[in-house]
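Q: This is structure-v8.txt (compact mmCIF, C-alpha atoms).
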# COMPACT_ATOMS: atom_id res chain seq x y z
CA MET H 1 117.75 63.88 32.33
CA ILE H 2 120.47 64.82 29.89
CA LEU H 3 121.60 68.39 30.53
CA ALA H 4 123.98 70.01 28.05
CA VAL H 5 126.06 73.06 28.95
CA ALA H 6 126.92 75.10 25.86
CA SER H 7 127.78 78.65 24.78
CA GLY H 8 128.47 80.47 21.59
CA LYS H 9 131.51 82.25 22.96
CA GLY H 10 134.44 80.36 24.40
CA GLY H 11 135.66 81.03 27.93
CA THR H 12 132.27 82.02 29.34
CA GLY H 13 132.25 79.37 32.06
CA LYS H 14 130.80 76.14 30.62
CA THR H 15 133.26 73.97 32.51
CA THR H 16 132.84 75.97 35.73
CA VAL H 17 129.07 75.42 35.53
CA SER H 18 129.36 71.74 34.51
CA VAL H 19 131.80 70.59 37.18
CA ASN H 20 130.17 72.53 40.01
CA LEU H 21 126.71 71.29 39.02
CA ALA H 22 127.99 67.72 38.98
CA LYS H 23 129.46 68.22 42.45
CA VAL H 24 126.30 69.64 44.06
CA PHE H 25 124.00 67.20 42.26
CA GLY H 26 123.89 64.92 45.29
CA ALA H 27 122.84 61.65 43.66
CA ARG H 28 124.91 59.64 41.19
CA VAL H 29 125.62 61.74 38.10
CA GLN H 30 127.56 61.33 34.89
CA LEU H 31 129.70 64.19 33.66
CA LEU H 32 130.59 63.95 29.97
CA ASP H 33 133.43 66.13 28.73
CA CYS H 34 132.46 66.49 25.07
CA ASP H 35 135.05 69.21 24.44
CA VAL H 36 137.26 66.50 23.02
CA GLU H 37 139.78 68.88 21.48
CA GLU H 38 140.74 70.14 24.92
CA PRO H 39 138.99 68.19 27.68
CA ASN H 40 139.55 69.80 31.06
CA CYS H 41 136.77 68.64 33.44
CA HIS H 42 139.22 66.05 34.82
CA LEU H 43 141.32 68.85 36.31
CA PHE H 44 138.48 69.63 38.70
CA ILE H 45 137.10 66.17 39.35
CA GLY H 46 140.16 64.13 40.34
CA GLY H 47 139.23 60.49 40.98
CA ASN H 48 140.56 57.21 39.66
CA PRO H 49 140.69 56.27 36.00
CA CYS H 50 138.84 52.99 35.50
CA SER H 51 138.84 52.53 31.74
CA ARG H 52 140.61 53.80 28.68
CA GLU H 53 139.45 52.76 25.21
CA VAL H 54 140.78 53.60 21.77
CA VAL H 55 138.15 54.95 19.36
CA SER H 56 138.45 54.38 15.62
CA ILE H 57 136.27 55.29 12.70
CA GLN H 58 135.76 53.28 9.55
CA VAL H 59 137.41 54.88 6.55
CA PRO H 60 137.20 53.56 3.01
CA GLY H 61 139.71 51.33 1.34
CA VAL H 62 139.35 50.41 -2.33
CA ASP H 63 139.84 47.06 -4.05
CA GLU H 64 141.41 48.29 -7.28
CA SER H 65 140.67 45.03 -9.09
CA LEU H 66 136.93 45.69 -8.69
CA CYS H 67 136.99 49.46 -9.37
CA ASP H 68 136.06 50.55 -12.90
CA GLY H 69 136.70 54.24 -12.19
CA CYS H 70 133.07 55.33 -12.56
CA GLY H 71 133.64 58.18 -10.08
CA GLU H 72 130.36 57.78 -8.14
CA CYS H 73 132.27 57.75 -4.83
CA GLY H 74 134.02 61.05 -5.56
CA ARG H 75 130.78 62.71 -6.68
CA PHE H 76 129.07 61.57 -3.49
CA CYS H 77 131.70 62.75 -0.99
CA GLN H 78 130.98 66.32 0.15
CA TYR H 79 134.24 66.48 2.08
CA HIS H 80 136.57 65.66 -0.83
CA ALA H 81 137.93 62.71 1.09
CA VAL H 82 137.47 60.61 -2.07
CA VAL H 83 138.56 61.89 -5.46
CA SER H 84 138.16 59.95 -8.68
CA PHE H 85 139.12 60.77 -12.27
CA GLY H 86 138.47 57.73 -14.36
CA GLY H 87 140.92 55.58 -12.40
CA ALA H 88 140.92 54.07 -8.93
CA PRO H 89 139.91 56.79 -6.44
CA LEU H 90 142.33 58.62 -4.20
CA PHE H 91 141.44 58.68 -0.50
CA PHE H 92 142.26 61.33 2.09
CA PRO H 93 141.39 59.55 5.34
CA GLU H 94 141.97 62.68 7.44
CA LEU H 95 139.07 64.36 5.64
CA CYS H 96 136.73 61.35 5.93
CA HIS H 97 133.75 61.76 8.28
CA GLY H 98 133.17 58.01 8.26
CA CYS H 99 129.63 58.25 6.84
CA GLY H 100 130.05 55.17 4.64
CA GLY H 101 128.28 56.86 1.71
CA CYS H 102 131.01 56.07 -0.84
CA GLN H 103 130.62 52.37 -0.08
CA LYS H 104 126.88 52.54 -0.51
CA VAL H 105 127.00 54.33 -3.87
CA CYS H 106 129.78 52.17 -5.35
CA PRO H 107 127.99 50.03 -7.97
CA ARG H 108 130.73 47.39 -7.97
CA GLY H 109 131.20 46.93 -4.24
CA ALA H 110 134.85 47.91 -4.62
CA ILE H 111 134.99 50.00 -1.46
CA GLY H 112 135.52 48.33 1.89
CA GLU H 113 136.32 49.64 5.32
CA LYS H 114 139.42 49.93 7.39
CA GLU H 115 139.88 51.36 10.86
CA ARG H 116 141.49 54.68 11.58
CA ARG H 117 142.19 55.69 15.16
CA ILE H 118 140.87 59.13 16.10
CA GLY H 119 141.27 59.31 19.87
CA ILE H 120 140.46 57.77 23.22
CA VAL H 121 137.57 57.71 25.69
CA GLU H 122 138.40 57.51 29.40
CA THR H 123 136.13 56.91 32.38
CA VAL H 124 137.01 58.22 35.80
CA GLU H 125 135.13 57.50 39.03
CA ALA H 126 135.21 60.25 41.65
CA ASP H 127 132.78 59.79 44.51
CA LYS H 128 129.29 60.15 43.03
CA VAL H 129 130.55 61.58 39.75
CA THR H 130 131.40 59.36 36.79
CA LEU H 131 133.46 61.41 34.38
CA ILE H 132 133.52 60.21 30.77
CA GLN H 133 135.88 62.19 28.59
CA GLY H 134 137.11 62.01 25.03
CA SER H 135 140.54 63.16 23.84
CA LEU H 136 140.96 63.64 20.14
CA ASP H 137 144.35 62.60 18.74
CA VAL H 138 146.59 65.44 17.61
CA GLY H 139 146.13 66.09 13.91
CA VAL H 140 142.63 64.61 13.72
CA PRO H 141 140.32 67.34 12.44
CA MET H 142 136.95 65.76 13.21
CA ALA H 143 135.49 65.74 16.68
CA PRO H 144 131.89 64.49 16.10
CA PRO H 145 132.63 60.75 15.81
CA LEU H 146 134.59 60.87 19.07
CA ILE H 147 131.85 62.90 20.77
CA ARG H 148 129.35 60.24 19.68
CA ALA H 149 131.66 57.60 21.20
CA VAL H 150 131.73 59.53 24.50
CA LYS H 151 127.93 59.80 24.49
CA SER H 152 127.47 56.12 23.65
CA ARG H 153 129.04 55.28 27.04
CA MET H 154 126.36 57.26 28.88
CA LYS H 155 124.13 55.06 31.04
CA HIS H 156 120.46 55.83 30.73
CA GLY H 157 118.47 56.33 33.89
CA VAL H 158 121.33 58.30 35.47
CA THR H 159 121.40 62.09 35.06
CA SER H 160 124.09 63.29 32.68
CA ILE H 161 125.74 66.68 32.42
CA LEU H 162 127.39 67.31 29.06
CA ASP H 163 130.14 69.92 28.85
CA ALA H 164 130.00 71.04 25.20
CA PRO H 165 132.73 72.62 23.09
CA PRO H 166 132.27 76.34 22.35
CA GLY H 167 130.72 77.64 19.15
CA THR H 168 127.74 76.52 17.09
CA SER H 169 129.28 74.07 14.63
CA CYS H 170 129.24 70.28 14.17
CA PRO H 171 130.95 69.28 17.45
CA VAL H 172 128.41 71.32 19.42
CA ILE H 173 125.45 69.90 17.48
CA SER H 174 126.80 66.38 18.07
CA THR H 175 126.94 67.12 21.80
CA LEU H 176 123.50 68.72 22.06
CA ARG H 177 121.54 66.15 20.06
CA CYS H 178 119.20 64.05 22.22
CA SER H 179 119.68 66.24 25.28
CA ASP H 180 116.61 67.24 27.30
CA PHE H 181 117.72 70.71 28.28
CA VAL H 182 120.49 73.13 27.32
CA LEU H 183 122.14 75.72 29.54
CA LEU H 184 123.66 78.52 27.49
CA VAL H 185 126.42 80.19 29.45
CA THR H 186 127.19 83.77 28.45
CA GLU H 187 128.68 86.95 29.81
CA PRO H 188 127.02 90.37 29.79
CA THR H 189 129.27 91.89 27.11
CA PRO H 190 128.59 92.77 23.46
CA PHE H 191 130.71 89.79 22.40
CA GLY H 192 128.83 87.52 24.81
CA LEU H 193 125.50 88.74 23.43
CA HIS H 194 126.58 88.32 19.80
CA ASP H 195 127.49 84.69 20.33
CA LEU H 196 124.49 84.06 22.59
CA ARG H 197 122.21 85.06 19.71
CA LEU H 198 123.89 82.44 17.51
CA ALA H 199 123.62 79.82 20.23
CA VAL H 200 119.93 80.60 20.77
CA GLU H 201 119.25 80.19 17.04
CA MET H 202 121.05 76.86 17.17
CA VAL H 203 119.09 75.37 20.09
CA LYS H 204 115.81 76.64 18.61
CA GLU H 205 116.68 74.87 15.36
CA LEU H 206 117.36 71.71 17.36
CA GLY H 207 114.09 72.18 19.25
CA ILE H 208 115.61 71.67 22.72
CA PRO H 209 114.31 73.68 25.70
CA PHE H 210 116.96 75.99 27.11
CA GLY H 211 117.82 78.67 29.63
CA VAL H 212 120.67 81.10 30.13
CA VAL H 213 123.39 81.36 32.78
CA ILE H 214 125.04 84.77 32.97
CA ASN H 215 128.58 84.66 34.27
CA ARG H 216 130.74 87.55 35.42
CA VAL H 217 127.75 89.67 36.33
CA GLY H 218 128.90 93.23 36.95
CA ILE H 219 130.98 93.68 33.81
CA GLY H 220 129.64 94.91 30.47
CA ASP H 221 126.13 96.23 30.09
CA GLU H 222 122.41 95.38 30.23
CA ARG H 223 121.96 94.15 26.68
CA VAL H 224 122.09 90.42 27.44
CA TYR H 225 119.29 90.92 30.00
CA THR H 226 117.26 92.99 27.52
CA PHE H 227 117.69 90.30 24.85
CA CYS H 228 116.61 87.50 27.20
CA GLY H 229 113.66 89.57 28.40
CA GLU H 230 112.46 90.34 24.88
CA LYS H 231 112.79 86.73 23.76
CA GLY H 232 111.25 85.31 26.92
CA ILE H 233 114.39 83.30 27.69
CA PRO H 234 114.68 82.34 31.37
CA VAL H 235 117.87 83.50 33.13
CA LEU H 236 118.49 80.58 35.47
CA LEU H 237 121.62 81.73 37.25
CA GLU H 238 123.82 84.79 37.62
CA ILE H 239 127.41 84.26 38.72
CA PRO H 240 129.06 87.42 40.05
CA ASP H 241 132.28 88.76 38.57
CA ASP H 242 134.51 87.79 41.47
CA ARG H 243 138.23 87.44 40.94
CA ARG H 244 138.32 84.65 43.55
CA ILE H 245 136.16 82.47 41.28
CA ALA H 246 138.73 82.82 38.50
CA GLU H 247 141.54 82.08 40.94
CA THR H 248 139.72 78.97 42.17
CA TYR H 249 139.30 77.81 38.58
CA SER H 250 142.95 78.47 37.77
CA ARG H 251 143.96 76.21 40.68
CA GLY H 252 141.71 73.42 39.40
CA GLU H 253 139.38 73.70 42.38
CA LEU H 254 135.60 73.68 42.53
CA VAL H 255 133.88 76.93 43.44
CA VAL H 256 131.46 75.02 45.68
CA ASP H 257 134.40 73.61 47.69
CA ALA H 258 136.71 76.63 47.79
CA LEU H 259 134.13 79.40 48.17
CA PRO H 260 131.29 78.03 50.32
CA GLU H 261 129.39 81.31 50.07
CA TYR H 262 128.72 80.45 46.40
CA GLY H 263 127.71 76.86 47.11
CA SER H 264 124.00 77.70 46.96
CA LEU H 265 124.36 79.24 43.47
CA PHE H 266 124.62 75.86 41.81
CA SER H 267 121.95 74.16 43.91
CA THR H 268 119.68 77.06 42.97
CA LEU H 269 120.52 76.48 39.33
CA LEU H 270 119.46 72.83 39.61
CA TRP H 271 116.23 73.88 41.24
CA ASN H 272 115.60 76.52 38.53
CA ILE H 273 116.20 74.00 35.76
CA ARG H 274 113.71 71.58 37.31
CA GLU H 275 111.15 74.37 37.65
CA VAL H 276 111.54 75.53 34.03
CA ARG H 277 111.36 71.94 32.79
CA GLY H 278 108.24 71.39 34.88
CA LYS H 279 106.61 74.44 33.28
CA GLU H 280 107.63 73.22 29.80
CA LYS H 281 106.00 69.88 30.45
CA GLY H 282 102.89 71.59 31.84
CA ALA H 283 102.69 73.82 28.77
CA LYS H 284 103.02 70.79 26.50
CA ARG H 285 100.19 69.03 28.31
CA VAL H 286 97.96 72.09 27.90
CA ARG H 287 98.87 72.33 24.21
CA SER H 288 98.12 68.67 23.61
CA LYS H 289 94.76 68.93 25.40
CA ASN H 290 93.75 71.81 23.14
CA MET P 291 148.06 72.17 -24.41
CA LYS P 292 145.99 73.83 -21.72
CA ILE P 293 147.64 75.64 -18.83
CA ALA P 294 145.80 76.61 -15.64
CA LEU P 295 147.08 79.69 -13.80
CA THR P 296 145.97 81.04 -10.42
CA THR P 297 144.90 84.67 -10.28
CA SER P 298 142.46 87.15 -8.85
CA GLY P 299 141.64 88.85 -12.15
CA GLU P 300 140.12 87.98 -15.49
CA THR P 301 142.82 89.19 -17.88
CA LEU P 302 146.37 88.10 -18.69
CA ASP P 303 147.85 91.17 -17.01
CA ALA P 304 146.13 90.25 -13.71
CA PRO P 305 148.43 89.29 -10.82
CA LEU P 306 149.43 85.67 -10.38
CA ASP P 307 147.96 84.39 -7.09
CA GLY P 308 150.49 82.60 -4.90
CA ARG P 309 147.81 80.28 -3.49
CA PHE P 310 146.33 77.38 -5.39
CA GLY P 311 143.29 76.04 -3.48
CA ARG P 312 142.05 79.43 -2.41
CA ALA P 313 142.89 81.48 -5.48
CA PRO P 314 139.64 83.20 -6.54
CA ILE P 315 140.07 82.67 -10.30
CA PHE P 316 141.80 80.21 -12.64
CA ILE P 317 142.76 81.31 -16.10
CA LEU P 318 142.83 78.34 -18.47
CA TYR P 319 145.13 79.27 -21.33
CA ASP P 320 145.17 77.25 -24.55
CA LEU P 321 148.73 77.42 -25.85
CA GLU P 322 147.94 76.37 -29.43
CA LYS P 323 144.93 78.60 -29.92
CA ASP P 324 146.35 81.54 -27.89
CA TYR P 325 142.98 81.78 -26.21
CA PHE P 326 141.91 81.64 -22.57
CA GLU P 327 138.84 81.07 -20.45
CA VAL P 328 138.11 82.19 -16.90
CA ILE P 329 137.11 79.66 -14.23
CA ASP P 330 135.58 80.87 -11.00
CA ASN P 331 137.03 79.23 -7.86
CA ARG P 332 135.42 81.55 -5.31
CA GLN P 333 133.16 78.82 -3.90
CA ASN P 334 136.38 77.45 -2.45
CA LEU P 335 137.46 80.52 -0.51
CA ASN P 336 135.60 79.65 2.68
CA THR P 337 136.05 75.89 2.64
CA ALA P 338 137.43 74.71 5.98
CA GLN P 339 139.05 71.60 4.59
CA GLY P 340 139.87 70.21 1.17
CA ALA P 341 140.14 73.48 -0.79
CA GLY P 342 143.24 72.22 -2.62
CA ILE P 343 141.56 68.94 -3.55
CA GLN P 344 138.47 70.72 -4.82
CA ALA P 345 140.55 73.20 -6.82
CA ALA P 346 142.52 70.30 -8.31
CA GLU P 347 139.25 68.60 -9.31
CA THR P 348 138.10 71.83 -10.97
CA ILE P 349 141.15 72.23 -13.17
CA ILE P 350 141.31 68.50 -13.99
CA ARG P 351 137.67 68.59 -15.15
CA ALA P 352 138.59 71.63 -17.26
CA LYS P 353 141.16 69.36 -18.97
CA ALA P 354 144.23 71.33 -17.92
CA ASP P 355 147.54 69.65 -18.77
CA CYS P 356 149.57 71.71 -16.37
CA LEU P 357 149.23 74.22 -13.56
CA ILE P 358 151.29 77.32 -12.88
CA THR P 359 150.85 78.76 -9.41
CA GLY P 360 152.81 80.16 -6.49
CA HIS P 361 152.67 77.18 -4.15
CA CYS P 362 151.03 73.78 -4.04
CA GLY P 363 150.21 71.78 -0.88
CA PRO P 364 150.44 68.01 -0.41
CA LYS P 365 146.81 66.97 -0.98
CA ALA P 366 146.36 69.08 -4.11
CA PHE P 367 149.70 67.85 -5.42
CA ARG P 368 148.67 64.22 -4.92
CA VAL P 369 145.41 64.69 -6.83
CA LEU P 370 147.03 66.66 -9.65
CA THR P 371 149.84 64.14 -10.06
CA ALA P 372 147.40 61.23 -10.08
CA ALA P 373 145.50 62.93 -12.91
CA GLY P 374 148.72 63.60 -14.83
CA VAL P 375 148.74 67.38 -14.38
CA THR P 376 152.25 68.83 -14.19
CA VAL P 377 152.67 71.51 -11.52
CA TYR P 378 155.02 74.46 -11.94
CA ASN P 379 155.58 77.08 -9.31
CA CYS P 380 156.93 80.52 -9.95
CA GLY P 381 157.14 83.94 -8.39
CA GLU P 382 156.22 85.95 -11.49
CA ALA P 383 154.05 89.02 -10.90
CA THR P 384 151.36 88.51 -13.54
CA VAL P 385 149.69 85.72 -15.48
CA ALA P 386 151.32 86.98 -18.70
CA ASP P 387 154.80 87.00 -17.08
CA ALA P 388 154.25 83.43 -15.84
CA LEU P 389 153.15 82.33 -19.32
CA ASN P 390 156.23 83.95 -20.87
CA ALA P 391 158.46 82.20 -18.36
CA PHE P 392 156.76 78.91 -19.22
CA LYS P 393 157.15 79.46 -22.96
CA GLY P 394 160.79 80.47 -22.42
CA GLY P 395 161.39 77.13 -20.67
CA THR P 396 162.61 78.67 -17.41
CA LEU P 397 159.99 77.02 -15.16
CA LYS P 398 160.82 73.67 -13.61
CA PRO P 399 158.12 71.14 -12.71
CA LEU P 400 157.62 70.46 -8.99
CA ASP P 401 158.35 66.90 -7.94
CA SER P 402 156.62 67.27 -4.57
CA ALA P 403 154.44 69.71 -2.68
CA ASP P 404 156.44 72.81 -1.79
CA VAL P 405 154.37 73.92 1.22
CA GLU P 406 152.36 72.30 3.99
CA GLY P 407 148.57 72.27 3.82
CA HIS P 408 146.89 75.50 5.06
CA TRP P 409 150.19 77.35 4.73
CA VAL P 410 148.77 80.85 4.19
Turn this file's structure into structure tokens for me.

A:
Amino acid sequence: MILAVASGKGGTGKTTVSVNLAKVFGARVQLLDCDVEEPNCHLFIGGNPCSREVVSIQVPGVDESLCDGCGECGRFCQYHAVVSFGGAPLFFPELCHGCGGCQKVCPRGAIGEKERRIGIVETVEADKVTLIQGSLDVGVPMAPPLIRAVKSRMKHGVTSILDAPPGTSCPVISTLRCSDFVLLVTEPTPFGLHDLRLAVEMVKELGIPFGVVINRVGIGDERVYTFCGEKGIPVLLEIPDDRRIAETYSRGELVVDALPEYGSLFSTLLWNIREVRGKEKGAKRVRSKN
Amino acid sequence: MKIALTTSGETLDAPLDGRFGRAPIFILYDLEKDYFEVIDNRQNLNTAQGAGIQAAETIIRAKADCLITGHCGPKAFRVLTAAGVTVYNCGEATVADALNAFKGGTLKPLDSADVEGHWV
């Protein structure tokens, strides 16, 4: 199973949920920190680094002797990484998403590839948890290629927990793609609800089954519950608003280790996910029979 | 000679916009014919990246020979220079004032970008 932990709003508790779930999982589990702009799962996991690889993307380079300045490359590039005005094109590698489209559309084969480093992927072994994390280089604006590199190191057949970046844009989509289930972590505030709505639209568009985790229960109001009720979205876990949880997090400790009374929260969450997934599968079987 | 100027209005007495990539409007003034056209750049206002490059492409396609604006970042400057567009920056209040300064010969061409990207 590939389980992604996402949220619209930042700071709702994605990492708290991810690292504690990984810890209580029991069997071997992979934890992927896909928040490559500021990976922080490692603070909670400890362990020993066992590999560190540089990740590069292919960016275009032009052979000016072959280029006739037709401008097809510049017209193709939606990111303005290639600009052409009747002469050899200008390249802005920092804007290039590495799609390779300019090479494909060049009628004279004048565009080749060169490597541009974007960041690193590290693997850390800590007991039963294998942490795979990406760190984007400073000044690199594009996270998705590095997120794909992190995900490419995932071993199939072992459960993976993916800690996504916040928001609903490209880095999040890159993280969520191909996952089997998404946990949307929110808080019961108007801001939490606003961004939860966006996140729900996103996962529906992607067609991935999902459920909600409500963190800091006790603050705010009832509107997140009303929304989930109306939409038929399962609330799989409620984490109380307890200052000690925040303190534990700020020390880089796991809630399940530091506050044993909350240990069962995360095992319950695992159980709830399995139950909801079981129902989904059952519903699919019924649909396909009809 | 055609001069592109950054602005938020559609007349010569409109204020000169200090930004290039994210200026809402370009006025393209034809010096010989004393005539201008208005080019909409608003599609660029919400671009996350590459607004300067896209704006440079727009005024190059419009066959501008030079650009008068408040500031010009490094990517836009590279594209404009490659296409042979001269960039002038000035602090004049309106498009008409900037044109007068240009005609009076008081504006000096930039020889490099004068601000970082995303400076606003």

Q: How would you write as a PyMOL selection string the residues that get within 10 Å of (157.1, 72.1, -20.9) in the file's frame, counting only C-alpha atoms?

A: chain P and resi 291+356+376+378+392-399

Q: Chain P near chain H within 7 Å: what's each residue's closest atom pair and its distance in Å to one decimal, counting all atoms listed in the file, ordered by chain then ascending residue number, as a Markdown table?

A:
| residue | atom | partner | partner_atom | distance |
| --- | --- | --- | --- | --- |
| P:Gly340 | CA | H:His80 | CA | 6.0 |
| P:Ile343 | CA | H:His80 | CA | 6.6 |
| P:Gln344 | CA | H:His80 | CA | 6.7 |
| P:Ala373 | CA | H:Phe85 | CA | 6.8 |

Q: Have a look at atom CA of H:Pro240 and atom CA of H:Asp127 and let me know their distance in Å, one decimal.

A: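 Separating atom CA of H:Pro240 from atom CA of H:Asp127 is a distance of 28.2 Å.
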
Q: To one decimal place in Å, what is the distance between atom CA of H:Gly134 and atom CA of H:Leu265?

A: 28.3 Å

Q: Do you have the atom CA of H:Ser267-atom CA of H:Ser135 distance handy?

A: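 Going from atom CA of H:Ser267 over to atom CA of H:Ser135, I get 29.5 Å.
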
Q: Can you tell me, as a ChimeraX atom specification, what residues are no more than 10 Å from P:Ala345 when counting all atoms listed in the file, ignoring any on the same chain fewer than 2 positions away?

A: /P:310-313,316,331-334,340-343,347-351,366,369-370
